[in-house]
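Trainee: First the structure, which I've put down as structure tokens, then a few questions once you've had a look.
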Amino acid sequence: MSDHILVERTGAVQIIRMNRPEKKNALTRAMYTMMTEAILDGDADGSIRSHVFLGVPGAFSSGNDLQDFMAFASTGKMGTEVFDFLIALAGAKKPMLAGVDGLAIGIGTTIHFHCDLTFATPQSFFKTPFVDLGLVPEAGSSLLAPALMGHQKAFAFLAMGEGLDAAQAKECGMIYKLVEAEELETTVLRVAAEIAAKPPEAMQISRDLLRKPREEVVERIKLEASHFTERLQSDEARNALMAFLTRKKT
């Protein structure tokens, strides 16, 4: 399982790479745990100055592994791995960047509301099918998306489940710049290194000033998580998840 998340380092940049291409980087509980540890360890290491999230060609992440959701819906037993990751994401002390190629679904999309810079290839696609699965938005996205793109675009994106292509995501401010696939990782790592080379204390203060207060974001994540947990145990969500999984098998 450890090879599904690869944590690497180049200079002062920590790279967190999702590496489950056979499942389009669907995230398991173990993968969330490894990413949480990487963020916390990187924040605690003074020699690391920035974090970078990467996926594989064609898939940044297709979202949470739905088998995990179904297991919770059936047993009522759910660990804290996803919640711990979201709290670590919201509380990260150092700049976070991402490079997206292809699918960015669910958490594969909402993670970018916490990133300081996201680069994406023109073929990238962002979607949050929470309501279609009988669920609700997560990762603080119900707070962060309207602030970024306005209520109506956020409603269409988070509640209606309308997808955004890369150009639309850039237009609404969710990603910073479009980059061709062959230049994606090089560009992200170059910019991450530039950020890492700047005075770290001034960078941290400036980043904190630019972002919403952490306490407000964490409180929204907790509220979303409460609703999300309740929804996972509902007949509506169980039926929607089962129907989706059945369609995938046929």
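By order of appearance in the structure tokens: chains A, B, ..., then residues from 1 within every chain, and ligands from 1 in the order shown.
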Which residues of region 120-149 of chain A sit at most 9 Å from region 82-98 of chain A, using only C-alpha atoms? Give each one's shortest atom pair and distance in Å (one decimal place), in chain and ascending residue order, as a Markdown table.
Mentor:
```
| residue | atom | partner | partner_atom | distance |
| --- | --- | --- | --- | --- |
| A:Ala120 | CA | A:Ala98 | CA | 8.2 |
| A:Glu138 | CA | A:Leu86 | CA | 8.7 |
| A:Ala139 | CA | A:Leu86 | CA | 5.7 |
| A:Gly140 | CA | A:Ala90 | CA | 8.4 |
```
Trainee: Determine, using only C-alpha atoms, which residues of region 49-92 of chain A have any atom at most 9 Å from an atom of region 3-24 of chain A, and tabulate each with its shortest atom pair and distance in Å to one decimal place, rows ordered by chain and then rising number, as a tab-separated table.
Mentor:
```
residue	atom	partner	partner_atom	distance
A:Arg49	CA	A:Ala12	CA	5.4
A:Ser50	CA	A:Val13	CA	5.1
A:His51	CA	A:Gln14	CA	4.9
A:Val52	CA	A:Ile15	CA	4.7
A:Phe53	CA	A:Ile16	CA	4.9
A:Leu54	CA	A:Arg17	CA	4.7
A:Gly55	CA	A:Met18	CA	4.8
A:Val56	CA	A:Asn19	CA	6.3
A:Pro57	CA	A:Pro21	CA	8.3
A:Gly58	CA	A:Lys24	CA	7.8
A:Ala59	CA	A:Lys24	CA	5.4
A:Phe60	CA	A:Met18	CA	7.4
A:Ser61	CA	A:Lys24	CA	6.1
A:Ser62	CA	A:Lys24	CA	5.7
A:Gly63	CA	A:Lys24	CA	8.7
A:Asp65	CA	A:Lys23	CA	8.6
```
Trainee: Quick one: residues within 8 Å of region 159-173 of chain A, only C-alpha atoms, excluding same-chain residues fewer than 6 positions away - as an mmCIF file with all heavy atoms, in the first residue's frame?
Mentor:
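Written output follows (result06.cif):
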```
data_model
loop_
_atom_site.group_PDB
_atom_site.id
_atom_site.type_symbol
_atom_site.label_atom_id
_atom_site.label_comp_id
_atom_site.auth_asym_id
_atom_site.auth_seq_id
_atom_site.Cartn_x
_atom_site.Cartn_y
_atom_site.Cartn_z
ATOM 1 N N ALA A 120 -2.477 23.260 -14.134
ATOM 2 C CA ALA A 120 -3.231 22.163 -14.729
ATOM 3 C C ALA A 120 -2.999 22.115 -16.229
ATOM 4 O O ALA A 120 -2.756 23.145 -16.876
ATOM 5 C CB ALA A 120 -4.722 22.314 -14.440
ATOM 6 N N THR A 121 -3.087 20.918 -16.782
ATOM 7 C CA THR A 121 -2.983 20.757 -18.226
ATOM 8 C C THR A 121 -4.339 21.074 -18.859
ATOM 9 O O THR A 121 -5.380 20.986 -18.211
ATOM 10 C CB THR A 121 -2.567 19.329 -18.594
ATOM 11 O OG1 THR A 121 -3.607 18.417 -18.174
ATOM 12 C CG2 THR A 121 -1.255 18.950 -17.916
ATOM 13 N N PRO A 122 -4.356 21.422 -20.155
ATOM 14 C CA PRO A 122 -5.618 21.765 -20.818
ATOM 15 C C PRO A 122 -6.642 20.639 -20.797
ATOM 16 O O PRO A 122 -7.846 20.898 -20.889
ATOM 17 C CB PRO A 122 -5.178 22.091 -22.255
ATOM 18 C CG PRO A 122 -3.758 22.532 -22.119
ATOM 19 C CD PRO A 122 -3.186 21.672 -21.030
ATOM 20 N N GLN A 123 -6.210 19.392 -20.685
ATOM 21 C CA GLN A 123 -7.141 18.261 -20.688
ATOM 22 C C GLN A 123 -7.653 17.902 -19.298
ATOM 23 O O GLN A 123 -8.365 16.904 -19.137
ATOM 24 C CB GLN A 123 -6.502 17.023 -21.336
ATOM 25 C CG GLN A 123 -5.221 16.562 -20.703
ATOM 26 C CD GLN A 123 -3.987 17.150 -21.370
ATOM 27 O OE1 GLN A 123 -3.998 18.286 -21.845
ATOM 28 N NE2 GLN A 123 -2.911 16.370 -21.425
ATOM 29 N N SER A 124 -7.351 18.713 -18.303
ATOM 30 C CA SER A 124 -7.816 18.436 -16.943
ATOM 31 C C SER A 124 -9.318 18.731 -16.822
ATOM 32 O O SER A 124 -9.871 19.565 -17.538
ATOM 33 C CB SER A 124 -7.047 19.276 -15.932
ATOM 34 O OG SER A 124 -5.673 18.932 -15.954
ATOM 35 N N PHE A 125 -9.955 18.028 -15.886
ATOM 36 C CA PHE A 125 -11.400 18.164 -15.699
ATOM 37 C C PHE A 125 -11.718 18.060 -14.219
ATOM 38 O O PHE A 125 -11.256 17.134 -13.533
ATOM 39 C CB PHE A 125 -12.144 17.075 -16.471
ATOM 40 C CG PHE A 125 -13.633 17.184 -16.389
ATOM 41 C CD1 PHE A 125 -14.309 18.212 -17.042
ATOM 42 C CD2 PHE A 125 -14.371 16.268 -15.646
ATOM 43 C CE1 PHE A 125 -15.698 18.321 -16.965
ATOM 44 C CE2 PHE A 125 -15.754 16.369 -15.569
ATOM 45 C CZ PHE A 125 -16.411 17.395 -16.237
ATOM 46 N N PHE A 126 -12.506 19.010 -13.716
ATOM 47 C CA PHE A 126 -12.809 19.126 -12.290
ATOM 48 C C PHE A 126 -14.309 18.925 -12.065
ATOM 49 O O PHE A 126 -15.127 19.541 -12.735
ATOM 50 C CB PHE A 126 -12.389 20.504 -11.774
ATOM 51 C CG PHE A 126 -10.936 20.812 -11.983
ATOM 52 C CD1 PHE A 126 -10.478 21.284 -13.221
ATOM 53 C CD2 PHE A 126 -10.008 20.628 -10.972
ATOM 54 C CE1 PHE A 126 -9.136 21.574 -13.428
ATOM 55 C CE2 PHE A 126 -8.661 20.911 -11.173
ATOM 56 C CZ PHE A 126 -8.221 21.379 -12.407
ATOM 57 N N LYS A 127 -14.642 18.088 -11.071
ATOM 58 C CA LYS A 127 -16.051 17.802 -10.818
ATOM 59 C C LYS A 127 -16.243 17.375 -9.367
ATOM 60 O O LYS A 127 -15.388 16.689 -8.794
ATOM 61 C CB LYS A 127 -16.547 16.698 -11.756
ATOM 62 C CG LYS A 127 -18.060 16.443 -11.706
ATOM 63 C CD LYS A 127 -18.456 15.423 -12.764
ATOM 64 C CE LYS A 127 -19.929 15.071 -12.692
ATOM 65 N NZ LYS A 127 -20.812 16.228 -13.017
ATOM 66 N N THR A 128 -17.381 17.781 -8.791
ATOM 67 C CA THR A 128 -17.701 17.405 -7.406
ATOM 68 C C THR A 128 -19.100 16.789 -7.370
ATOM 69 O O THR A 128 -20.085 17.497 -7.144
ATOM 70 C CB THR A 128 -17.652 18.638 -6.476
ATOM 71 O OG1 THR A 128 -18.590 19.615 -6.951
ATOM 72 C CG2 THR A 128 -16.256 19.249 -6.457
ATOM 73 N N PRO A 129 -19.208 15.482 -7.566
ATOM 74 C CA PRO A 129 -20.518 14.828 -7.651
ATOM 75 C C PRO A 129 -21.109 14.441 -6.293
ATOM 76 O O PRO A 129 -21.722 13.378 -6.147
ATOM 77 C CB PRO A 129 -20.199 13.581 -8.483
ATOM 78 C CG PRO A 129 -18.805 13.224 -8.071
ATOM 79 C CD PRO A 129 -18.104 14.551 -7.829
ATOM 80 N N PHE A 130 -20.928 15.297 -5.299
ATOM 81 C CA PHE A 130 -21.353 14.946 -3.949
ATOM 82 C C PHE A 130 -22.860 14.707 -3.866
ATOM 83 O O PHE A 130 -23.320 13.676 -3.368
ATOM 84 C CB PHE A 130 -20.943 16.043 -2.962
ATOM 85 C CG PHE A 130 -19.465 16.291 -2.898
ATOM 86 C CD1 PHE A 130 -18.947 17.541 -3.172
ATOM 87 C CD2 PHE A 130 -18.586 15.274 -2.574
ATOM 88 C CE1 PHE A 130 -17.579 17.777 -3.120
ATOM 89 C CE2 PHE A 130 -17.214 15.487 -2.517
ATOM 90 C CZ PHE A 130 -16.716 16.752 -2.795
ATOM 91 N N VAL A 131 -23.659 15.680 -4.323
ATOM 92 C CA VAL A 131 -25.113 15.566 -4.203
ATOM 93 C C VAL A 131 -25.635 14.394 -5.029
ATOM 94 O O VAL A 131 -26.556 13.696 -4.602
ATOM 95 C CB VAL A 131 -25.789 16.893 -4.608
ATOM 96 C CG1 VAL A 131 -27.305 16.731 -4.659
ATOM 97 C CG2 VAL A 131 -25.419 18.002 -3.621
ATOM 98 N N ASP A 132 -25.029 14.145 -6.189
ATOM 99 C CA ASP A 132 -25.454 13.010 -7.020
ATOM 100 C C ASP A 132 -25.279 11.686 -6.284
ATOM 101 O O ASP A 132 -25.969 10.706 -6.590
ATOM 102 C CB ASP A 132 -24.663 12.974 -8.328
ATOM 103 C CG ASP A 132 -25.064 14.107 -9.266
ATOM 104 O OD1 ASP A 132 -26.174 14.647 -9.097
ATOM 105 O OD2 ASP A 132 -24.267 14.453 -10.158
ATOM 106 N N VAL A 136 -22.738 15.539 0.647
ATOM 107 C CA VAL A 136 -22.633 17.002 0.711
ATOM 108 C C VAL A 136 -21.183 17.409 0.462
ATOM 109 O O VAL A 136 -20.269 16.586 0.568
ATOM 110 C CB VAL A 136 -23.107 17.539 2.082
ATOM 111 C CG1 VAL A 136 -24.570 17.216 2.323
ATOM 112 C CG2 VAL A 136 -22.240 16.984 3.218
ATOM 113 N N PRO A 137 -20.943 18.680 0.142
ATOM 114 C CA PRO A 137 -19.564 19.139 -0.065
ATOM 115 C C PRO A 137 -18.685 18.920 1.160
ATOM 116 O O PRO A 137 -19.182 18.841 2.290
ATOM 117 C CB PRO A 137 -19.731 20.633 -0.365
ATOM 118 C CG PRO A 137 -21.112 20.748 -0.910
ATOM 119 C CD PRO A 137 -21.917 19.731 -0.140
ATOM 120 N N LEU A 148 -14.525 32.250 -3.579
ATOM 121 C CA LEU A 148 -13.631 32.319 -4.732
ATOM 122 C C LEU A 148 -14.381 32.647 -6.020
ATOM 123 O O LEU A 148 -13.960 33.507 -6.798
ATOM 124 C CB LEU A 148 -12.910 30.977 -4.901
ATOM 125 C CG LEU A 148 -11.919 30.870 -6.062
ATOM 126 C CD1 LEU A 148 -10.715 31.759 -5.807
ATOM 127 C CD2 LEU A 148 -11.479 29.416 -6.243
ATOM 128 N N MET A 149 -15.508 31.982 -6.256
ATOM 129 C CA MET A 149 -16.169 32.078 -7.564
ATOM 130 C C MET A 149 -17.568 32.669 -7.524
ATOM 131 O O MET A 149 -18.218 32.779 -8.557
ATOM 132 C CB MET A 149 -16.208 30.698 -8.225
ATOM 133 C CG MET A 149 -16.945 29.632 -7.438
ATOM 134 S SD MET A 149 -16.936 27.973 -8.244
ATOM 135 C CE MET A 149 -15.238 27.443 -8.000
#
```
Trainee: Do you have the CA of Leu184 (chain A)-CA of Phe119 (chain A) distance handy?
Mentor: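 Between CA of Leu184 (chain A) and CA of Phe119 (chain A) the gap is 7.2 Å.
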Trainee: Mind giving me the straight-line distance from CA of His227 (chain A) to CA of Ser142 (chain A) in Å, one decimal?
Mentor: 12.1 Å
Trainee: Could you check how far CA of Leu135 (chain A) sits from CA of Ala225 (chain A), in Å to one decimal?
Mentor: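 Answer for the CA of Leu135 (chain A) to CA of Ala225 (chain A) separation: 10.3 Å.
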Trainee: Calculated over only C-alpha atoms, which of the candidates A:Arg29, A:Arg190, A:His114, A:Arg214 has the smallest distance to Ile175 (chain A)?
Mentor: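 Looking at the shortest contact to Ile175 (chain A), the residue is A:His114.
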Trainee: Would you mind writing down, as a PyMOL selection string, each residue of region 90-193 of chain A that DSSP on the backbone assigns to helix (DSSP H, G or I)?
Mentor: chain A and resi 90-91+107-113+131-133+141-149+151-159+166-171+181-193
Trainee: Pull the strand (DSSP E or B) assignments for region 3-176 of chain A out of DSSP run on the backbone, and list those residues as a PyMOL selection string.
Mentor: chain A and resi 5-10+13-18+27+50-54+56+59-61+64+96-100+103-105+117-120+125-127+164-165
Trainee: Return the single residue from A:Ile205, A:Ala240, A:Ala192, A:Ile105 that is closest to Leu158 (chain A), with distances computed using only C-alpha atoms.
Mentor: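 Of the candidates, the smallest distance to Leu158 (chain A) is held by A:Ile105.
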